$ cat query-v5.pdb   # PDB, N, CA, C and O atoms
MODEL        1
ATOM      1  N   MET A 828     -16.481   9.487   3.995
ATOM      2  CA  MET A 828     -15.473   8.940   3.116
ATOM      3  C   MET A 828     -15.326   9.866   1.921
ATOM      4  O   MET A 828     -16.308  10.328   1.360
ATOM      5  N   LEU A 829     -14.092  10.098   1.541
ATOM      6  CA  LEU A 829     -13.776  10.906   0.377
ATOM      7  C   LEU A 829     -13.328   9.974  -0.745
ATOM      8  O   LEU A 829     -12.465   9.127  -0.537
ATOM      9  N   VAL A 830     -13.906  10.112  -1.912
ATOM     10  CA  VAL A 830     -13.529   9.304  -3.068
ATOM     11  C   VAL A 830     -12.933  10.239  -4.109
ATOM     12  O   VAL A 830     -13.568  11.220  -4.497
ATOM     13  N   LEU A 831     -11.696   9.939  -4.537
ATOM     14  CA  LEU A 831     -10.994  10.779  -5.495
ATOM     15  C   LEU A 831     -10.613   9.970  -6.724
ATOM     16  O   LEU A 831     -10.351   8.777  -6.623
ATOM     17  N   SER A 832     -10.540  10.638  -7.843
ATOM     18  CA  SER A 832     -10.025  10.025  -9.068
ATOM     19  C   SER A 832      -8.661  10.624  -9.350
ATOM     20  O   SER A 832      -8.473  11.835  -9.219
ATOM     21  N   ARG A 833      -7.704   9.787  -9.704
ATOM     22  CA  ARG A 833      -6.357  10.247 -10.022
ATOM     23  C   ARG A 833      -5.872   9.497 -11.246
ATOM     24  O   ARG A 833      -6.198   8.330 -11.439
ATOM     25  N   LYS A 834      -5.060  10.140 -12.036
ATOM     26  CA  LYS A 834      -4.428   9.504 -13.182
ATOM     27  C   LYS A 834      -3.016   9.102 -12.788
ATOM     28  O   LYS A 834      -2.477   9.570 -11.781
ATOM     29  N   CYS A 835      -2.409   8.263 -13.612
ATOM     30  CA  CYS A 835      -1.043   7.827 -13.366
ATOM     31  C   CYS A 835      -0.128   9.046 -13.235
ATOM     32  O   CYS A 835      -0.212   9.987 -14.026
ATOM     33  N   GLY A 836       0.686   9.043 -12.174
ATOM     34  CA  GLY A 836       1.602  10.144 -11.906
ATOM     35  C   GLY A 836       1.034  11.222 -11.013
ATOM     36  O   GLY A 836       1.769  12.083 -10.536
ATOM     37  N   GLU A 837      -0.270  11.191 -10.760
ATOM     38  CA  GLU A 837      -0.887  12.203  -9.894
ATOM     39  C   GLU A 837      -0.825  11.763  -8.431
ATOM     40  O   GLU A 837      -0.770  10.583  -8.124
ATOM     41  N   THR A 838      -0.850  12.745  -7.532
ATOM     42  CA  THR A 838      -0.626  12.513  -6.105
ATOM     43  C   THR A 838      -1.767  13.075  -5.266
ATOM     44  O   THR A 838      -2.365  14.079  -5.613
ATOM     45  N   ILE A 839      -2.010  12.405  -4.141
ATOM     46  CA  ILE A 839      -2.933  12.872  -3.111
ATOM     47  C   ILE A 839      -2.082  13.163  -1.878
ATOM     48  O   ILE A 839      -1.206  12.363  -1.522
ATOM     49  N   VAL A 840      -2.313  14.292  -1.226
ATOM     50  CA  VAL A 840      -1.575  14.650  -0.011
ATOM     51  C   VAL A 840      -2.543  14.585   1.171
ATOM     52  O   VAL A 840      -3.631  15.140   1.119
ATOM     53  N   ILE A 841      -2.119  13.904   2.237
ATOM     54  CA  ILE A 841      -2.937  13.742   3.435
ATOM     55  C   ILE A 841      -2.222  14.410   4.599
ATOM     56  O   ILE A 841      -1.072  14.056   4.919
ATOM     57  N   ASP A 842      -2.871  15.360   5.218
ATOM     58  CA  ASP A 842      -2.366  16.008   6.434
ATOM     59  C   ASP A 842      -0.962  16.598   6.253
ATOM     60  O   ASP A 842      -0.165  16.589   7.178
ATOM     61  N   ASP A 843      -0.642  17.093   5.092
ATOM     62  CA  ASP A 843       0.662  17.703   4.797
ATOM     63  C   ASP A 843       1.851  16.786   5.043
ATOM     64  O   ASP A 843       2.991  17.217   4.947
ATOM     65  N   ARG A 844       1.621  15.523   5.409
ATOM     66  CA  ARG A 844       2.727  14.630   5.772
ATOM     67  C   ARG A 844       2.772  13.366   4.947
ATOM     68  O   ARG A 844       3.788  12.693   4.905
ATOM     69  N   ILE A 845       1.665  12.996   4.334
ATOM     70  CA  ILE A 845       1.585  11.715   3.633
ATOM     71  C   ILE A 845       1.224  11.981   2.174
ATOM     72  O   ILE A 845       0.280  12.710   1.886
ATOM     73  N   ARG A 846       2.020  11.387   1.273
ATOM     74  CA  ARG A 846       1.779  11.546  -0.162
ATOM     75  C   ARG A 846       1.511  10.169  -0.762
ATOM     76  O   ARG A 846       2.309   9.247  -0.569
ATOM     77  N   VAL A 847       0.405  10.041  -1.479
ATOM     78  CA  VAL A 847       0.041   8.802  -2.158
ATOM     79  C   VAL A 847       0.013   9.111  -3.651
ATOM     80  O   VAL A 847      -0.762   9.955  -4.094
ATOM     81  N   THR A 848       0.869   8.431  -4.410
ATOM     82  CA  THR A 848       0.994   8.687  -5.839
ATOM     83  C   THR A 848       0.603   7.447  -6.622
ATOM     84  O   THR A 848       1.006   6.330  -6.277
ATOM     85  N   VAL A 849      -0.179   7.617  -7.672
ATOM     86  CA  VAL A 849      -0.529   6.519  -8.573
ATOM     87  C   VAL A 849       0.677   6.292  -9.479
ATOM     88  O   VAL A 849       1.055   7.166 -10.254
ATOM     89  N   GLU A 850       1.320   5.140  -9.352
ATOM     90  CA  GLU A 850       2.508   4.818 -10.145
ATOM     91  C   GLU A 850       2.161   4.163 -11.467
ATOM     92  O   GLU A 850       2.783   4.441 -12.481
ATOM     93  N   SER A 851       1.169   3.262 -11.452
ATOM     94  CA  SER A 851       0.754   2.607 -12.691
ATOM     95  C   SER A 851      -0.634   2.018 -12.523
ATOM     96  O   SER A 851      -1.082   1.752 -11.410
ATOM     97  N   VAL A 852      -1.283   1.839 -13.656
ATOM     98  CA  VAL A 852      -2.589   1.190 -13.707
ATOM     99  C   VAL A 852      -2.514   0.177 -14.837
ATOM    100  O   VAL A 852      -2.244   0.538 -15.981
ATOM    101  N   GLN A 853      -2.702  -1.102 -14.500
ATOM    102  CA  GLN A 853      -2.660  -2.162 -15.501
ATOM    103  C   GLN A 853      -3.810  -3.108 -15.243
ATOM    104  O   GLN A 853      -3.850  -3.776 -14.219
ATOM    105  N   GLY A 854      -4.755  -3.135 -16.176
ATOM    106  CA  GLY A 854      -5.923  -3.981 -15.991
ATOM    107  C   GLY A 854      -6.676  -3.553 -14.746
ATOM    108  O   GLY A 854      -6.987  -2.390 -14.568
ATOM    109  N   GLY A 855      -6.897  -4.483 -13.845
ATOM    110  CA  GLY A 855      -7.611  -4.188 -12.611
ATOM    111  C   GLY A 855      -6.700  -3.863 -11.441
ATOM    112  O   GLY A 855      -7.154  -3.833 -10.296
ATOM    113  N   ARG A 856      -5.414  -3.611 -11.702
ATOM    114  CA  ARG A 856      -4.465  -3.344 -10.623
ATOM    115  C   ARG A 856      -3.968  -1.910 -10.674
ATOM    116  O   ARG A 856      -3.656  -1.386 -11.728
ATOM    117  N   VAL A 857      -3.877  -1.314  -9.497
ATOM    118  CA  VAL A 857      -3.334   0.030  -9.355
ATOM    119  C   VAL A 857      -2.109  -0.085  -8.452
ATOM    120  O   VAL A 857      -2.178  -0.667  -7.368
ATOM    121  N   ARG A 858      -0.995   0.457  -8.900
ATOM    122  CA  ARG A 858       0.231   0.437  -8.097
ATOM    123  C   ARG A 858       0.422   1.828  -7.505
ATOM    124  O   ARG A 858       0.438   2.823  -8.226
ATOM    125  N   LEU A 859       0.540   1.897  -6.182
ATOM    126  CA  LEU A 859       0.661   3.162  -5.466
ATOM    127  C   LEU A 859       2.014   3.261  -4.789
ATOM    128  O   LEU A 859       2.566   2.258  -4.339
ATOM    129  N   SER A 860       2.539   4.474  -4.685
ATOM    130  CA  SER A 860       3.694   4.705  -3.822
ATOM    131  C   SER A 860       3.212   5.601  -2.692
ATOM    132  O   SER A 860       2.395   6.493  -2.906
ATOM    133  N   ILE A 861       3.705   5.328  -1.487
ATOM    134  CA  ILE A 861       3.268   6.063  -0.306
ATOM    135  C   ILE A 861       4.492   6.597   0.412
ATOM    136  O   ILE A 861       5.387   5.834   0.779
ATOM    137  N   GLU A 862       4.535   7.907   0.597
ATOM    138  CA  GLU A 862       5.596   8.546   1.375
ATOM    139  C   GLU A 862       4.965   9.024   2.672
ATOM    140  O   GLU A 862       3.994   9.779   2.642
ATOM    141  N   ALA A 863       5.523   8.556   3.795
ATOM    142  CA  ALA A 863       4.976   8.929   5.098
ATOM    143  C   ALA A 863       6.112   8.978   6.108
ATOM    144  O   ALA A 863       7.124   8.289   5.941
ATOM    145  N   PRO A 864       5.954   9.765   7.164
ATOM    146  CA  PRO A 864       6.975   9.787   8.216
ATOM    147  C   PRO A 864       7.148   8.400   8.828
ATOM    148  O   PRO A 864       6.222   7.579   8.810
ATOM    149  N   ALA A 865       8.322   8.134   9.368
ATOM    150  CA  ALA A 865       8.639   6.817   9.932
ATOM    151  C   ALA A 865       7.664   6.410  11.040
ATOM    152  O   ALA A 865       7.394   5.221  11.224
ATOM    153  N   GLU A 866       7.131   7.383  11.770
ATOM    154  CA  GLU A 866       6.223   7.035  12.878
ATOM    155  C   GLU A 866       4.819   6.658  12.416
ATOM    156  O   GLU A 866       3.991   6.220  13.205
ATOM    157  N   VAL A 867       4.531   6.797  11.127
ATOM    158  CA  VAL A 867       3.226   6.431  10.576
ATOM    159  C   VAL A 867       3.325   5.038   9.972
ATOM    160  O   VAL A 867       4.105   4.802   9.054
ATOM    161  N   GLU A 868       2.558   4.100  10.506
ATOM    162  CA  GLU A 868       2.549   2.745   9.955
ATOM    163  C   GLU A 868       1.664   2.718   8.721
ATOM    164  O   GLU A 868       0.547   3.231   8.737
ATOM    165  N   VAL A 869       2.172   2.107   7.665
ATOM    166  CA  VAL A 869       1.412   1.967   6.425
ATOM    167  C   VAL A 869       1.381   0.483   6.097
ATOM    168  O   VAL A 869       2.416  -0.148   5.904
ATOM    169  N   ASP A 870       0.185  -0.100   6.072
ATOM    170  CA  ASP A 870       0.017  -1.524   5.790
ATOM    171  C   ASP A 870      -1.131  -1.729   4.821
ATOM    172  O   ASP A 870      -2.066  -0.930   4.776
ATOM    173  N   ARG A 871      -1.072  -2.820   4.083
ATOM    174  CA  ARG A 871      -2.254  -3.264   3.343
ATOM    175  C   ARG A 871      -3.278  -3.710   4.390
ATOM    176  O   ARG A 871      -2.912  -4.118   5.495
ATOM    177  N   GLU A 872      -4.543  -3.653   4.035
ATOM    178  CA  GLU A 872      -5.581  -3.955   5.019
ATOM    179  C   GLU A 872      -5.449  -5.352   5.603
ATOM    180  O   GLU A 872      -5.622  -5.549   6.811
ATOM    181  N   GLU A 873      -5.114  -6.351   4.774
ATOM    182  CA  GLU A 873      -5.030  -7.718   5.299
ATOM    183  C   GLU A 873      -3.884  -7.865   6.295
ATOM    184  O   GLU A 873      -3.992  -8.601   7.274
ATOM    185  N   ILE A 874      -2.787  -7.147   6.104
ATOM    186  CA  ILE A 874      -1.678  -7.173   7.065
ATOM    187  C   ILE A 874      -2.087  -6.448   8.346
ATOM    188  O   ILE A 874      -1.809  -6.904   9.460
ATOM    189  N   TRP A 875      -2.729  -5.316   8.191
ATOM    190  CA  TRP A 875      -3.215  -4.543   9.339
ATOM    191  C   TRP A 875      -4.142  -5.397  10.206
ATOM    192  O   TRP A 875      -4.032  -5.408  11.432
ATOM    193  N   MET A 876      -5.046  -6.159   9.554
ATOM    194  CA  MET A 876      -5.972  -7.013  10.306
ATOM    195  C   MET A 876      -5.217  -8.108  11.063
ATOM    196  O   MET A 876      -5.526  -8.392  12.215
ATOM    197  N   ARG A 877      -4.229  -8.728  10.422
ATOM    198  CA  ARG A 877      -3.446  -9.766  11.103
ATOM    199  C   ARG A 877      -2.740  -9.191  12.324
ATOM    200  O   ARG A 877      -2.703  -9.820  13.375
ATOM    201  N   LYS A 878      -2.170  -8.014  12.177
ATOM    202  CA  LYS A 878      -1.503  -7.364  13.316
ATOM    203  C   LYS A 878      -2.513  -7.087  14.424
ATOM    204  O   LYS A 878      -2.240  -7.318  15.599
ATOM    205  N   ARG A 879      -3.660  -6.592  14.023
ATOM    206  CA  ARG A 879      -4.694  -6.241  14.994
ATOM    207  C   ARG A 879      -5.176  -7.472  15.754
ATOM    208  O   ARG A 879      -5.460  -7.406  16.947
ATOM    209  N   LEU A 880      -5.286  -8.598  15.054
ATOM    210  CA  LEU A 880      -5.749  -9.837  15.672
ATOM    211  C   LEU A 880      -4.615 -10.624  16.323
ATOM    212  O   LEU A 880      -4.854 -11.653  16.942
ATOM    213  N   GLY A 881      -3.370 -10.153  16.130
ATOM    214  CA  GLY A 881      -2.228 -10.843  16.720
ATOM    215  C   GLY A 881      -1.878 -12.123  16.007
ATOM    216  O   GLY A 881      -1.312 -13.035  16.601
ATOM    217  N   VAL A 882      -2.185 -12.209  14.725
ATOM    218  CA  VAL A 882      -1.894 -13.411  13.939
ATOM    219  C   VAL A 882      -0.600 -13.165  13.161
ATOM    220  O   VAL A 882      -0.464 -12.141  12.489
ATOM    221  N   ALA A 883       0.329 -14.104  13.244
ATOM    222  CA  ALA A 883       1.593 -13.962  12.513
ATOM    223  C   ALA A 883       1.330 -14.064  11.015
ATOM    224  O   ALA A 883       0.493 -14.853  10.581
ATOM    225  N   PRO A 884       2.033 -13.264  10.203
ATOM    226  CA  PRO A 884       1.861 -13.356   8.752
ATOM    227  C   PRO A 884       2.295 -14.712   8.234
ATOM    228  O   PRO A 884       3.208 -15.333   8.786
ATOM    229  N   ARG A 885       1.643 -15.180   7.186
ATOM    230  CA  ARG A 885       1.986 -16.471   6.593
ATOM    231  C   ARG A 885       3.264 -16.310   5.775
ATOM    232  O   ARG A 885       3.394 -15.408   4.983
ATOM    233  N   ARG A 886       4.197 -17.227   5.964
ATOM    234  CA  ARG A 886       5.469 -17.158   5.240
ATOM    235  C   ARG A 886       5.272 -17.341   3.744
ATOM    236  O   ARG A 886       5.925 -16.696   2.949
ATOM    237  N   ASP A 887       4.382 -18.246   3.333
ATOM    238  CA  ASP A 887       4.198 -18.482   1.905
ATOM    239  C   ASP A 887       3.678 -17.231   1.199
ATOM    240  O   ASP A 887       4.080 -16.925   0.088
ATOM    241  N   ALA A 888       2.827 -16.466   1.868
ATOM    242  CA  ALA A 888       2.310 -15.225   1.285
ATOM    243  C   ALA A 888       3.423 -14.195   1.155
ATOM    244  O   ALA A 888       3.528 -13.508   0.139
ATOM    245  N   ALA A 889       4.272 -14.094   2.149
ATOM    246  CA  ALA A 889       5.364 -13.126   2.109
ATOM    247  C   ALA A 889       6.358 -13.473   1.008
ATOM    248  O   ALA A 889       6.817 -12.604   0.274
ATOM    249  N   SER A 890       6.694 -14.750   0.865
ATOM    250  CA  SER A 890       7.657 -15.122  -0.173
ATOM    251  C   SER A 890       7.038 -14.968  -1.557
ATOM    252  O   SER A 890       7.711 -14.565  -2.502
ATOM    253  N   ARG A 891       5.758 -15.249  -1.693
ATOM    254  CA  ARG A 891       5.063 -15.068  -2.973
ATOM    255  C   ARG A 891       5.050 -13.589  -3.341
ATOM    256  O   ARG A 891       5.323 -13.223  -4.471
ATOM    257  N   GLU A 892       4.788 -12.735  -2.368
ATOM    258  CA  GLU A 892       4.768 -11.294  -2.619
ATOM    259  C   GLU A 892       6.155 -10.803  -3.030
ATOM    260  O   GLU A 892       6.290 -10.017  -3.954
ATOM    261  N   ALA A 893       7.199 -11.288  -2.371
ATOM    262  CA  ALA A 893       8.554 -10.869  -2.704
ATOM    263  C   ALA A 893       8.909 -11.279  -4.120
ATOM    264  O   ALA A 893       9.514 -10.521  -4.866
ATOM    265  N   SER A 894       8.526 -12.489  -4.522
ATOM    266  CA  SER A 894       8.854 -12.937  -5.867
ATOM    267  C   SER A 894       8.050 -12.159  -6.901
ATOM    268  O   SER A 894       8.555 -11.837  -7.979
ATOM    269  N   CYS A 895       6.806 -11.817  -6.615
ATOM    270  CA  CYS A 895       6.001 -10.998  -7.533
ATOM    271  C   CYS A 895       6.611  -9.612  -7.678
ATOM    272  O   CYS A 895       6.681  -9.070  -8.781
ATOM    273  N   TRP A 896       7.074  -9.048  -6.584
ATOM    274  CA  TRP A 896       7.681  -7.727  -6.621
ATOM    275  C   TRP A 896       8.953  -7.778  -7.452
ATOM    276  O   TRP A 896       9.208  -6.905  -8.272
ATOM    277  N   ALA A 897       9.764  -8.810  -7.277
ATOM    278  CA  ALA A 897      11.017  -8.935  -8.020
ATOM    279  C   ALA A 897      10.738  -9.080  -9.517
ATOM    280  O   ALA A 897      11.447  -8.497 -10.340
ATOM    281  N   GLU A 898       9.703  -9.832  -9.879
ATOM    282  CA  GLU A 898       9.351  -9.990 -11.293
ATOM    283  C   GLU A 898       8.898  -8.673 -11.905
ATOM    284  O   GLU A 898       9.178  -8.408 -13.062
ATOM    285  N   ALA A 899       8.204  -7.870 -11.130
ATOM    286  CA  ALA A 899       7.666  -6.607 -11.647
ATOM    287  C   ALA A 899       8.756  -5.555 -11.806
ATOM    288  O   ALA A 899       8.588  -4.605 -12.556
ATOM    289  N   ASN A 900       9.868  -5.703 -11.089
ATOM    290  CA  ASN A 900      10.933  -4.691 -11.139
ATOM    291  C   ASN A 900      12.117  -5.174 -11.879
ATOM    292  O   ASN A 900      12.678  -5.775 -12.350
TER     293      ASN A 900
ENDMDL
END
$ encode --input "query-v5.pdb" --output "structure tokens"
Amino acid sequence: MLVLSRKCGETIVIDDRIRVTVESVQGGRVRLSIEAPAEVEVDREEIWMRKRLGVAPRRDAASREASCWAEAN
């Protein structure tokens, strides 16, 4: 495992194809932007696990996330 430190606005490049940029840091939260080719799936770990286990995502979690995103933007 590689552990890196980055400041806001700094980027990590993975395999010349994926860019992960620190967009903001507020309290205990880090906001990242991820640029990747369309064929690369990018998920939060809890979503990835649900997909892996074949469990449908909870609607209440999705709507809560959408409203949080809208408030932040």
$ residues_around --input "query-v5.pdb" --residues "Thr848 in chain A" --least-positions-apart "4" --cutoff "5 Å" --atoms "all atoms listed in the file" --output "list in words"
Glu837, Thr838, Ile839, Arg858, Leu859 and Ser860 of chain A
$ atom_distance --input "query-v5.pdb" --atom1 "CA of Ser851 in chain A" --atom2 "CA of Gly836 in chain A"
7.6 Å
$ atom_distance --input "query-v5.pdb" --atom1 "atom C of Val882 in chain A" --atom2 "atom N of Val867 in chain A"
20.7 Å
$ atom_distance --input "query-v5.pdb" --atom1 "atom N of Ile861 in chain A" --atom2 "atom C of Lys878 in chain A"
21.1 Å
$ select_by_dssp --input "query-v5.pdb" --residues "range 830-891 of chain A" --states "helix (DSSP H, G or I)" --output "list of chain:residue names"
A:Glu872, A:Glu873, A:Ile874, A:Trp875, A:Met876, A:Arg877, A:Lys878, A:Arg879, A:Leu880, A:Arg886, A:Asp887, A:Ala888, A:Ala889, A:Ser890, A:Arg891
$ write_last_selection --input "query-v5.pdb" --atoms "N, CA, C and O atoms" --output "tab-separated table (two decimals), keeping the file's coordinate frame"
chain	number	residue	atom	x	y	z
A	872	GLU	N	-4.54	-3.65	4.04
A	872	GLU	CA	-5.58	-3.96	5.02
A	872	GLU	C	-5.45	-5.35	5.60
A	872	GLU	O	-5.62	-5.55	6.81
A	873	GLU	N	-5.11	-6.35	4.77
A	873	GLU	CA	-5.03	-7.72	5.30
A	873	GLU	C	-3.88	-7.86	6.30
A	873	GLU	O	-3.99	-8.60	7.27
A	874	ILE	N	-2.79	-7.15	6.10
A	874	ILE	CA	-1.68	-7.17	7.06
A	874	ILE	C	-2.09	-6.45	8.35
A	874	ILE	O	-1.81	-6.90	9.46
A	875	TRP	N	-2.73	-5.32	8.19
A	875	TRP	CA	-3.22	-4.54	9.34
A	875	TRP	C	-4.14	-5.40	10.21
A	875	TRP	O	-4.03	-5.41	11.43
A	876	MET	N	-5.05	-6.16	9.55
A	876	MET	CA	-5.97	-7.01	10.31
A	876	MET	C	-5.22	-8.11	11.06
A	876	MET	O	-5.53	-8.39	12.22
A	877	ARG	N	-4.23	-8.73	10.42
A	877	ARG	CA	-3.45	-9.77	11.10
A	877	ARG	C	-2.74	-9.19	12.32
A	877	ARG	O	-2.70	-9.82	13.38
A	878	LYS	N	-2.17	-8.01	12.18
A	878	LYS	CA	-1.50	-7.36	13.32
A	878	LYS	C	-2.51	-7.09	14.42
A	878	LYS	O	-2.24	-7.32	15.60
A	879	ARG	N	-3.66	-6.59	14.02
A	879	ARG	CA	-4.69	-6.24	14.99
A	879	ARG	C	-5.18	-7.47	15.75
A	879	ARG	O	-5.46	-7.41	16.95
A	880	LEU	N	-5.29	-8.60	15.05
A	880	LEU	CA	-5.75	-9.84	15.67
A	880	LEU	C	-4.62	-10.62	16.32
A	880	LEU	O	-4.85	-11.65	16.94
A	886	ARG	N	4.20	-17.23	5.96
A	886	ARG	CA	5.47	-17.16	5.24
A	886	ARG	C	5.27	-17.34	3.74
A	886	ARG	O	5.92	-16.70	2.95
A	887	ASP	N	4.38	-18.25	3.33
A	887	ASP	CA	4.20	-18.48	1.90
A	887	ASP	C	3.68	-17.23	1.20
A	887	ASP	O	4.08	-16.92	0.09
A	888	ALA	N	2.83	-16.47	1.87
A	888	ALA	CA	2.31	-15.22	1.28
A	888	ALA	C	3.42	-14.20	1.16
A	888	ALA	O	3.53	-13.51	0.14
A	889	ALA	N	4.27	-14.09	2.15
A	889	ALA	CA	5.36	-13.13	2.11
A	889	ALA	C	6.36	-13.47	1.01
A	889	ALA	O	6.82	-12.60	0.27
A	890	SER	N	6.69	-14.75	0.86
A	890	SER	CA	7.66	-15.12	-0.17
A	890	SER	C	7.04	-14.97	-1.56
A	890	SER	O	7.71	-14.56	-2.50
A	891	ARG	N	5.76	-15.25	-1.69
A	891	ARG	CA	5.06	-15.07	-2.97
A	891	ARG	C	5.05	-13.59	-3.34
A	891	ARG	O	5.32	-13.22	-4.47
$ build_atoms --input "query-v5.pdb" --residues "range 872-880 of chain A" --atoms "all heavy atoms" --output "JSON list (two decimals), in the frame of the given file"
[["chain", "number", "residue", "atom", "x", "y", "z"],
["A", 872, "GLU", "N", -4.54, -3.65, 4.04],
["A", 872, "GLU", "CA", -5.58, -3.96, 5.02],
["A", 872, "GLU", "C", -5.45, -5.35, 5.60],
["A", 872, "GLU", "O", -5.62, -5.55, 6.81],
["A", 872, "GLU", "CB", -6.97, -3.78, 4.40],
["A", 872, "GLU", "CG", -8.07, -3.96, 5.42],
["A", 872, "GLU", "CD", -9.45, -3.73, 4.85],
["A", 872, "GLU", "OE1", -9.65, -3.97, 3.65],
["A", 872, "GLU", "OE2", -10.32, -3.30, 5.62],
["A", 873, "GLU", "N", -5.11, -6.35, 4.77],
["A", 873, "GLU", "CA", -5.03, -7.72, 5.30],
["A", 873, "GLU", "C", -3.88, -7.86, 6.30],
["A", 873, "GLU", "O", -3.99, -8.60, 7.27],
["A", 873, "GLU", "CB", -4.92, -8.75, 4.17],
["A", 873, "GLU", "CG", -3.72, -8.62, 3.28],
["A", 873, "GLU", "CD", -3.89, -7.68, 2.10],
["A", 873, "GLU", "OE1", -4.79, -6.82, 2.12],
["A", 873, "GLU", "OE2", -3.10, -7.81, 1.16],
["A", 874, "ILE", "N", -2.79, -7.15, 6.10],
["A", 874, "ILE", "CA", -1.68, -7.17, 7.06],
["A", 874, "ILE", "C", -2.09, -6.45, 8.35],
["A", 874, "ILE", "O", -1.81, -6.90, 9.46],
["A", 874, "ILE", "CB", -0.41, -6.53, 6.45],
["A", 874, "ILE", "CG1", 0.02, -7.26, 5.19],
["A", 874, "ILE", "CG2", 0.71, -6.45, 7.49],
["A", 874, "ILE", "CD1", 0.35, -8.72, 5.38],
["A", 875, "TRP", "N", -2.73, -5.32, 8.19],
["A", 875, "TRP", "CA", -3.22, -4.54, 9.34],
["A", 875, "TRP", "C", -4.14, -5.40, 10.21],
["A", 875, "TRP", "O", -4.03, -5.41, 11.43],
["A", 875, "TRP", "CB", -3.93, -3.29, 8.83],
["A", 875, "TRP", "CG", -4.59, -2.48, 9.90],
["A", 875, "TRP", "CD1", -4.00, -1.63, 10.78],
["A", 875, "TRP", "CD2", -5.98, -2.46, 10.19],
["A", 875, "TRP", "NE1", -4.94, -1.08, 11.60],
["A", 875, "TRP", "CE2", -6.17, -1.57, 11.26],
["A", 875, "TRP", "CE3", -7.09, -3.10, 9.65],
["A", 875, "TRP", "CZ2", -7.43, -1.31, 11.79],
["A", 875, "TRP", "CZ3", -8.33, -2.84, 10.18],
["A", 875, "TRP", "CH2", -8.49, -1.95, 11.24],
["A", 876, "MET", "N", -5.05, -6.16, 9.55],
["A", 876, "MET", "CA", -5.97, -7.01, 10.31],
["A", 876, "MET", "C", -5.22, -8.11, 11.06],
["A", 876, "MET", "O", -5.53, -8.39, 12.22],
["A", 876, "MET", "CB", -7.01, -7.65, 9.38],
["A", 876, "MET", "CG", -8.09, -6.69, 8.93],
["A", 876, "MET", "SD", -9.07, -6.06, 10.31],
["A", 876, "MET", "CE", -10.04, -7.50, 10.69],
["A", 877, "ARG", "N", -4.23, -8.73, 10.42],
["A", 877, "ARG", "CA", -3.45, -9.77, 11.10],
["A", 877, "ARG", "C", -2.74, -9.19, 12.32],
["A", 877, "ARG", "O", -2.70, -9.82, 13.38],
["A", 877, "ARG", "CB", -2.42, -10.38, 10.15],
["A", 877, "ARG", "CG", -3.04, -11.29, 9.14],
["A", 877, "ARG", "CD", -1.96, -11.99, 8.34],
["A", 877, "ARG", "NE", -2.57, -12.63, 7.19],
["A", 877, "ARG", "CZ", -2.11, -12.56, 5.96],
["A", 877, "ARG", "NH1", -1.00, -11.89, 5.71],
["A", 877, "ARG", "NH2", -2.73, -13.15, 4.99],
["A", 878, "LYS", "N", -2.17, -8.01, 12.18],
["A", 878, "LYS", "CA", -1.50, -7.36, 13.32],
["A", 878, "LYS", "C", -2.51, -7.09, 14.42],
["A", 878, "LYS", "O", -2.24, -7.32, 15.60],
["A", 878, "LYS", "CB", -0.86, -6.05, 12.89],
["A", 878, "LYS", "CG", 0.38, -6.19, 12.08],
["A", 878, "LYS", "CD", 0.89, -4.80, 11.72],
["A", 878, "LYS", "CE", 2.18, -4.82, 10.98],
["A", 878, "LYS", "NZ", 2.63, -3.46, 10.65],
["A", 879, "ARG", "N", -3.66, -6.59, 14.02],
["A", 879, "ARG", "CA", -4.69, -6.24, 14.99],
["A", 879, "ARG", "C", -5.18, -7.47, 15.75],
["A", 879, "ARG", "O", -5.46, -7.41, 16.95],
["A", 879, "ARG", "CB", -5.85, -5.58, 14.26],
["A", 879, "ARG", "CG", -6.89, -5.01, 15.15],
["A", 879, "ARG", "CD", -7.87, -4.18, 14.35],
["A", 879, "ARG", "NE", -8.87, -3.69, 15.25],
["A", 879, "ARG", "CZ", -10.08, -3.35, 14.91],
["A", 879, "ARG", "NH1", -10.45, -3.45, 13.65],
["A", 879, "ARG", "NH2", -10.95, -2.91, 15.78],
["A", 880, "LEU", "N", -5.29, -8.60, 15.05],
["A", 880, "LEU", "CA", -5.75, -9.84, 15.67],
["A", 880, "LEU", "C", -4.62, -10.62, 16.32],
["A", 880, "LEU", "O", -4.85, -11.65, 16.94],
["A", 880, "LEU", "CB", -6.44, -10.71, 14.62],
["A", 880, "LEU", "CG", -7.71, -10.12, 14.00],
["A", 880, "LEU", "CD1", -8.20, -11.00, 12.86],
["A", 880, "LEU", "CD2", -8.79, -9.94, 15.05]]
